[in-house]
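Heads up: the structure comes next, in C-alpha cells.
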Amino acid sequence: MPNHYLKLFYVLLPLLLRGAAGSMIGFNSSAEIKCIDRERQALLNFKYSLVDFYGVLSSWRDDDNSQDCCKWEGIQCDQQTGHVTILRLPGHDAHYLSGTLNITSLFVLQNIQHLDLSYNLFLGNFIPQLMGSLTNLRYLNLSYSYFCGSIPTQLGNLTNLLSLDLRGNRFLFREIPYQLGSLAQLRYLDLSYNYLDGELPRQLGNLSQLRYLDLSANSFYGALPFQVGNLPFLHSLGLPGRFYIEPKDAEWLSNLHSLTNLALYSLYNLDWLPTIVFSNLKELGLVGCSLSDTDIHSLFYSRSNFSNSLTILDLFSNMLTSSTYQLLSNFSLNLQALYLSHNYIHSPPLYSNFPSLITLDLSYNNMTSFEGTSIFTSKLQNLYLRNCSLRDDNFVITAITVVNSSSSLASLDLSSNLLKSPSIFDWFRTLELYDNMLEGPIPDGFGKVMNSLEVLYLSHNKLQGEIPSFFGNICTLRILYLSNNKLSGEISSLFQNSSWCNRHVFQYLDLSLNNFTGTLPKSIGLLSELLMLSLDGNHLEGDVTESHLSNFSKLEELSLSNNYLSLKLVPDWVPPFQLFYLGLRSCKLGPTFPSWLQTQRSLTYLNISDTRLNGSVPEWFWNNLQNMEILDMSHNNLTGPIFNLQPKLLFGPLIFLNSNQFEGIVPSFLLQASFLLLNENKFSYLPSLCDQGTATILMILDLSNNAIEGQLPDCWNSVHNLRILDLSHNELSGKIPESMGSLVHLSALVLRNNNLMVNFLLL
C-alpha cells in the first residue's frame, strides 16, 4: 500500500471502528445527543451568579421542557459525546449580562473550548484568576465588558489557547503579565484600549505562532522586547507611542515578511521607517506621529516602495500640507482609502489622480478653496469634509456638472462648515450638512431630485418656513434630522400630503428645537419602524394617548419635552416598546406617578421634571434604576420617604430630585450617584457614610434647604471624590467631623444657616 494511502487509512480507522461498534450494539446514528446532566447543572449555577435583566438566558431553565442544555442560547455541544464545547454569550445593543462570574461552576465543563462573554457589563469586576483553570480553551473573548484590575497571571496556564481578546476593558495602569508568553500556540492577541502601562515583557517574543497583535491605545514605554526571528508569521501589528525604537527593532520589522497591516500611534522617532521594505503591506496607519511633508516624501520614495500593495493609508493628526496630498496622488494606483483629517491641507485636492480611491477624509483642515467638479470624474463614494471652513464662495460645484455627471459619490459629510445655500446637494444617499449657516426655506426641488436619499442631517442651521411634505415621498429615506432650526407651521402638514412610501424603512425623526405648532396627529403611527422620535422644544399641544404610540414596537428614544402636551394613558397600558431614552419635561404627566413606566426596564435617561406629579414614588421605580445614567424628577410635588432599598446604580448616574417634598432619611443607595441634587425637599437625616463602597464616585451633593438636624455623620473619607458639598439652610449642629479634612478634592463647601461649630484649621 503506498504511503499516502496508508496515512489516509490510519486517519479513517477510528471513524470506521466507531461506526462498526455502533452498528454491532444497535446504536442509532441519527439519535439525538443531549447534554450531560452535571454540565447542565453547572450552567445553571453559572447563570445564578449573573444579572440577566434582558432575558438573554431565558432559555436556561430548570424544568422538564428545558432538559437539553445543548439547545440553550449560546450553547453548543459535541454531537458525538454531548459535552458542552462552546459558551458564546456576547452582548449586543442594550441587551447584556452583568453581575459576577462564577468561574468555578464551569470547571465541570472539561471539554469547553470556546468562551465568549464580550460586550457585557461586568463593571467593577476582576477577571477571575481561576479562569486559567479552563485549560482546554482555544478561544477566549472578554472584550469590552468593563473588567478592571489586572490581567490574571493564570491566563498563562491556557496553553491550548489560539485566540485571546481582552480589548476595551479598564486595566488602569497595570502591566501585561509575563505569563502570557507561555501561550505558545496563540495566533491572535488583542490588548488594545485598556489603559495598560509599563514595559512589554520580553516573553511576548516567545509567541512564535502569533498572526495578530494589537497593543494600541495603551501607555507602554521602553524598548520593544522583540528580536530578529520573533513573531515570524505576524500579519497585523498595532503599537502605541512612548516606545524607544532602536536599529534592531527596524531589523525585526524588516523580517516580518507576512506583515500586511501596520498601525503606529504617537511614535515620534520614525527616522528608521524608510529603511524597511514592506513588500506585502496593504494597510498603513501613522497616526499622531508629528509627520511633516519631508517625512512623507522620504517614506514613500525610499526603497520601502509598497506602492503596488497599499490600499489603506491613515495619516490622521500629523503636520501635513497640500504638497503631501499632491505627492500621494501620484503614488498608488491601488489606494482605496486615504485619511488626512486634522492636518494643514488648504488647497483643493485633485481626485482624478487616485483612480481606485473610494473613501477620502479631509476633515478638520482649514480649506481656503475646494474645487468639487472633479468629484464627478472619480470612483469616490465617501467624502468627509467636516469642519473645513468651507463657504458658498469657496466650495465650487457647478449646476451643469451635477446634471451631466455619473458620479459614484454616495456619502458627503459637510457638517460644521459655513455653507448657506442648500440647493447644490441633490444627488447623494447620505448628506450631512448640520452645523452650517443654511438659511431660508428648504427648496421644493430638493425632494424632486433626491430619489436615492437615505440619510439627511440638516440640524443646527437657520432654515425657515414650513416643513415640506416631500420627505414622506422619498421612498429610500431612513434618517431625517432637522433639529435646531427655525422651521414652523403645523406639524401635521408633514403627514397629510405624503404617501410615506418609506414607512417600512424610516427609523429616525428629529424635529426638535423648532417652532412647530398644532397637535400630534395620530397618523404618526404609520411610522411603525421608528427607533427614535424627537419633538422636544416646539409649541405642540393637545393630548398624547395610546393610539399615538401603540404602533411603535421598535421605539428606543422618545423625547416630547418642553411642549404643551398632556400624556393621557390608561393606568394598565403596556407599551409595545422598551425605551432607553425618555424625555417628558414640562409635559403634563400627573397627577399620579405613571404606572406604565414599570414596564420600561432599559431606561438610561429619564426626564419627568416639572410634569405636575404628586404623591409618593412606588418602590418598583427605585428598583429599576440599574442602568440609569441621568434621572431628573425635579420640580414636582413628590412626597413621602424614599425607602432604603438595595438597587445597584451601575453607571454612577446624575440624579436630580430637587424641588419636591421628599422627607425622612436620605437613602444610602442614592449615594452611588456621581451628581446628587436633593435640595429644596424635607429630608431630616443623613445616612451613614462608613460603608466604604457606597459613595466612592460621588462628586456633587446638594442637600441645601432641607430639614436635616443633628450632627454630621463621620467617615467623610469614604466620599473621597467629592468636589461640591452644600448643606446650607438646614438644622445641623455640633462639630464638623475631622474626617471632612480628608476631602482633598473639595472645591466648594457651603454650610451657612446651620448651628455648626466650624474648625477653620480643619478646613
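Residues are referred to by chain and number: the chain letter is A, B, ... according to the order shown in the C-alpha cells, the number counts from 1 in that chain, and ligands are numbered separately from 1 in the order shown.
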
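Residues surrounding Ser523 in chain A within 10 Å are A:Ser492, A:Phe495, A:Gln496, A:Ser547, A:His548 [only C-alpha atoms; sequence separation below 5 positions excluded].
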
Resulting file, chosen residues, all heavy atoms, as a tab-separated table (two decimals), in the first residue's frame:
```tsv
chain	number	residue	atom	x	y	z
A	492	SER	N	-48.68	68.59	11.54
A	492	SER	CA	-49.49	67.62	10.79
A	492	SER	C	-49.28	67.72	9.29
A	492	SER	O	-49.55	66.76	8.55
A	492	SER	CB	-50.98	67.81	11.11
A	492	SER	OG	-51.38	69.14	10.80
A	495	PHE	N	-47.45	64.98	7.51
A	495	PHE	CA	-48.06	63.66	7.35
A	495	PHE	C	-49.27	63.68	6.41
A	495	PHE	O	-49.65	62.65	5.86
A	495	PHE	CB	-48.49	63.14	8.72
A	495	PHE	CG	-47.35	62.99	9.67
A	495	PHE	CD1	-47.02	64.02	10.55
A	495	PHE	CD2	-46.58	61.84	9.68
A	495	PHE	CE1	-45.95	63.89	11.42
A	495	PHE	CE2	-45.52	61.70	10.55
A	495	PHE	CZ	-45.20	62.73	11.42
A	496	GLN	N	-49.87	64.84	6.21
A	496	GLN	CA	-51.13	64.88	5.48
A	496	GLN	C	-50.96	64.73	3.98
A	496	GLN	O	-51.82	64.15	3.31
A	496	GLN	CB	-51.86	66.20	5.78
A	496	GLN	CG	-52.43	66.25	7.19
A	496	GLN	CD	-53.03	67.61	7.52
A	496	GLN	OE1	-52.81	68.58	6.80
A	496	GLN	NE2	-53.78	67.68	8.61
A	547	SER	N	-53.18	55.56	21.32
A	547	SER	CA	-53.36	55.44	19.87
A	547	SER	C	-52.23	56.11	19.10
A	547	SER	O	-51.97	55.76	17.94
A	547	SER	CB	-54.70	56.04	19.45
A	547	SER	OG	-54.78	57.40	19.82
A	548	HIS	N	-51.54	57.07	19.72
A	548	HIS	CA	-50.38	57.70	19.07
A	548	HIS	C	-49.16	56.79	19.11
A	548	HIS	O	-48.31	56.84	18.21
A	548	HIS	CB	-50.03	59.02	19.76
A	548	HIS	CG	-51.02	60.12	19.55
A	548	HIS	ND1	-52.07	60.34	20.42
A	548	HIS	CD2	-51.13	61.05	18.57
A	548	HIS	CE1	-52.77	61.38	19.99
A	548	HIS	NE2	-52.23	61.82	18.87
```

All residues 7 Å or closer to range 610-616 of chain A, only C-alpha atoms, same chain fewer than 4 positions away omitted, as a list in words: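 With the cut-off at 7 Å, the set is Arg585, Ser586, Cys587, Lys588, Leu589, Gly590, Pro591, Thr592, Phe593, Ser634, His635, Asn636, Asn637, Leu638, Thr639 and Gly640 of chain A.
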
Store the residues picked out above in a file with C-alpha atoms, as a PDB file, in the first residue's frame.
```
ATOM      1  CA  ARG A 585     -40.044  67.567  30.810  1.00  0.00           C
ATOM      2  CA  SER A 586     -42.807  70.191  31.205  1.00  0.00           C
ATOM      3  CA  CYS A 587     -45.458  67.947  29.706  1.00  0.00           C
ATOM      4  CA  LYS A 588     -48.500  67.144  31.837  1.00  0.00           C
ATOM      5  CA  LEU A 589     -47.906  63.642  33.139  1.00  0.00           C
ATOM      6  CA  GLY A 590     -49.504  63.696  36.605  1.00  0.00           C
ATOM      7  CA  PRO A 591     -51.090  63.842  38.993  1.00  0.00           C
ATOM      8  CA  THR A 592     -50.216  60.254  39.986  1.00  0.00           C
ATOM      9  CA  PHE A 593     -46.945  58.525  39.208  1.00  0.00           C
ATOM     10  CA  SER A 634     -37.161  67.728  39.927  1.00  0.00           C
ATOM     11  CA  HIS A 635     -39.799  70.465  40.249  1.00  0.00           C
ATOM     12  CA  ASN A 636     -42.746  68.235  41.058  1.00  0.00           C
ATOM     13  CA  ASN A 637     -44.715  67.649  44.235  1.00  0.00           C
ATOM     14  CA  LEU A 638     -43.459  64.161  45.043  1.00  0.00           C
ATOM     15  CA  THR A 639     -43.821  63.300  48.718  1.00  0.00           C
ATOM     16  CA  GLY A 640     -43.051  60.772  51.420  1.00  0.00           C
TER      17      GLY A 640
END
```

DSSP strand (DSSP E or B) residues within range 518-601 of chain A, listed as a ChimeraX atom specification: /A:518-519,532-534,539-544,557-559,564-567,581-583,588

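By only C-alpha atoms, and with residues fewer than 4 positions from Lys682 in chain A along its chain excluded, the set lying at most 8 Å from it is Gln661, Phe662, Glu663, Gly664, Asn705, Asn706, Ala707 and Ile708 of chain A.
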
Keeping only N, CA and C atoms, write the selected residues as an mmCIF file, in the first residue's frame.
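Output file out.cif follows:
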```
data_model
loop_
_atom_site.group_PDB
_atom_site.id
_atom_site.type_symbol
_atom_site.label_atom_id
_atom_site.label_comp_id
_atom_site.auth_asym_id
_atom_site.auth_seq_id
_atom_site.Cartn_x
_atom_site.Cartn_y
_atom_site.Cartn_z
ATOM 1 N N GLN A 661 -41.074 67.262 47.721
ATOM 2 C CA GLN A 661 -41.458 67.235 49.131
ATOM 3 C C GLN A 661 -41.013 65.925 49.789
ATOM 4 N N PHE A 662 -39.898 65.340 49.330
ATOM 5 C CA PHE A 662 -39.396 64.116 49.944
ATOM 6 C C PHE A 662 -38.995 64.387 51.396
ATOM 7 N N GLU A 663 -39.120 63.363 52.249
ATOM 8 C CA GLU A 663 -38.832 63.551 53.670
ATOM 9 C C GLU A 663 -38.160 62.301 54.236
ATOM 10 N N GLY A 664 -37.790 62.381 55.514
ATOM 11 C CA GLY A 664 -37.166 61.254 56.191
ATOM 12 C C GLY A 664 -35.664 61.219 55.949
ATOM 13 N N ASN A 705 -31.425 73.624 51.912
ATOM 14 C CA ASN A 705 -32.852 73.915 52.059
ATOM 15 C C ASN A 705 -33.679 72.653 52.299
ATOM 16 N N ASN A 706 -33.229 71.864 53.278
ATOM 17 C CA ASN A 706 -33.986 70.730 53.778
ATOM 18 C C ASN A 706 -34.234 70.952 55.267
ATOM 19 N N ALA A 707 -34.492 69.898 55.986
ATOM 20 C CA ALA A 707 -34.733 69.999 57.435
ATOM 21 C C ALA A 707 -33.817 69.046 58.191
ATOM 22 N N ILE A 708 -32.581 68.902 57.698
ATOM 23 C CA ILE A 708 -31.641 67.950 58.282
ATOM 24 C C ILE A 708 -31.181 68.465 59.643
#
```

Those of range 102-315 of chain A in DSSP alpha helix (DSSP H), formatted as a PyMOL selection string: chain A and resi 247-254+293-300

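Each of A:Ser219, A:Gln227, A:Ser493, A:Gln154 was checked against Ser469 in chain A using only C-alpha atoms; the smallest atom-to-atom distance is that of A:Ser493.
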
Using 10 Å as the limit and counting only C-alpha atoms, can you tabulate each residue of range 506-549 of chain A that touches range 442-464 of chain A, with its shortest atom-to-atom distance in Å and the two atoms involved, as CSV?
```
residue,atom,partner,partner_atom,distance
A:Phe506,CA,A:Glu454,CA,9.0
A:Tyr508,CA,A:Val455,CA,9.4
A:Asp510,CA,A:Ser459,CA,8.7
A:Leu511,CA,A:Ser459,CA,8.8
A:Ser512,CA,A:Ser459,CA,9.2
A:Leu513,CA,A:His460,CA,9.4
A:Asn514,CA,A:Gln464,CA,9.2
A:Asn515,CA,A:Gln464,CA,9.5
```

Long-range neighbours of Asn218 in chain A as number ranges by chain, 8 Å cut-off, only C-alpha atoms, 3 positions minimum in chain: A: 192-197, 215, 240

Mind writing the picked residues with N, CA, C and O atoms as a short mmCIF file (atom, residue, chain, number, x, y, z; two decimals), in the first residue's frame?
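File written: out_21.cif
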```cif
data_model
loop_
_atom_site.label_atom_id
_atom_site.label_comp_id
_atom_site.auth_asym_id
_atom_site.auth_seq_id
_atom_site.Cartn_x
_atom_site.Cartn_y
_atom_site.Cartn_z
N SER A 192 -5.71 46.03 23.06
CA SER A 192 -5.85 47.46 22.80
C SER A 192 -6.93 48.10 23.66
O SER A 192 -7.81 47.43 24.19
N TYR A 193 -6.82 49.41 23.86
CA TYR A 193 -7.81 50.23 24.57
C TYR A 193 -8.05 49.71 25.99
O TYR A 193 -9.17 49.47 26.41
N ASN A 194 -6.97 49.59 26.73
CA ASN A 194 -7.07 49.05 28.09
C ASN A 194 -6.40 49.90 29.16
O ASN A 194 -6.42 49.53 30.32
N TYR A 195 -5.75 51.01 28.79
CA TYR A 195 -5.05 51.86 29.76
C TYR A 195 -3.90 51.12 30.44
O TYR A 195 -3.51 51.45 31.55
N LEU A 196 -3.36 50.10 29.77
CA LEU A 196 -2.22 49.37 30.32
C LEU A 196 -0.97 50.25 30.32
O LEU A 196 -0.85 51.18 29.53
N ASP A 197 -0.03 49.90 31.17
CA ASP A 197 1.16 50.72 31.37
C ASP A 197 2.37 49.80 31.48
O ASP A 197 2.26 48.58 31.45
N LEU A 215 -1.63 46.30 20.40
CA LEU A 215 -1.35 46.86 21.72
C LEU A 215 -1.68 48.35 21.76
O LEU A 215 -1.30 49.04 22.70
N PRO A 240 1.38 51.44 20.19
CA PRO A 240 1.19 52.83 20.65
C PRO A 240 2.52 53.53 20.83
O PRO A 240 3.59 52.95 20.60
#
```

Nearest candidate to Thr104 in chain A (options A:Leu262, A:Tyr339, A:Ser66, A:Ala42; using only C-alpha atoms):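 That would be A:Ala42, the residue with the smallest distance to Thr104 in chain A.
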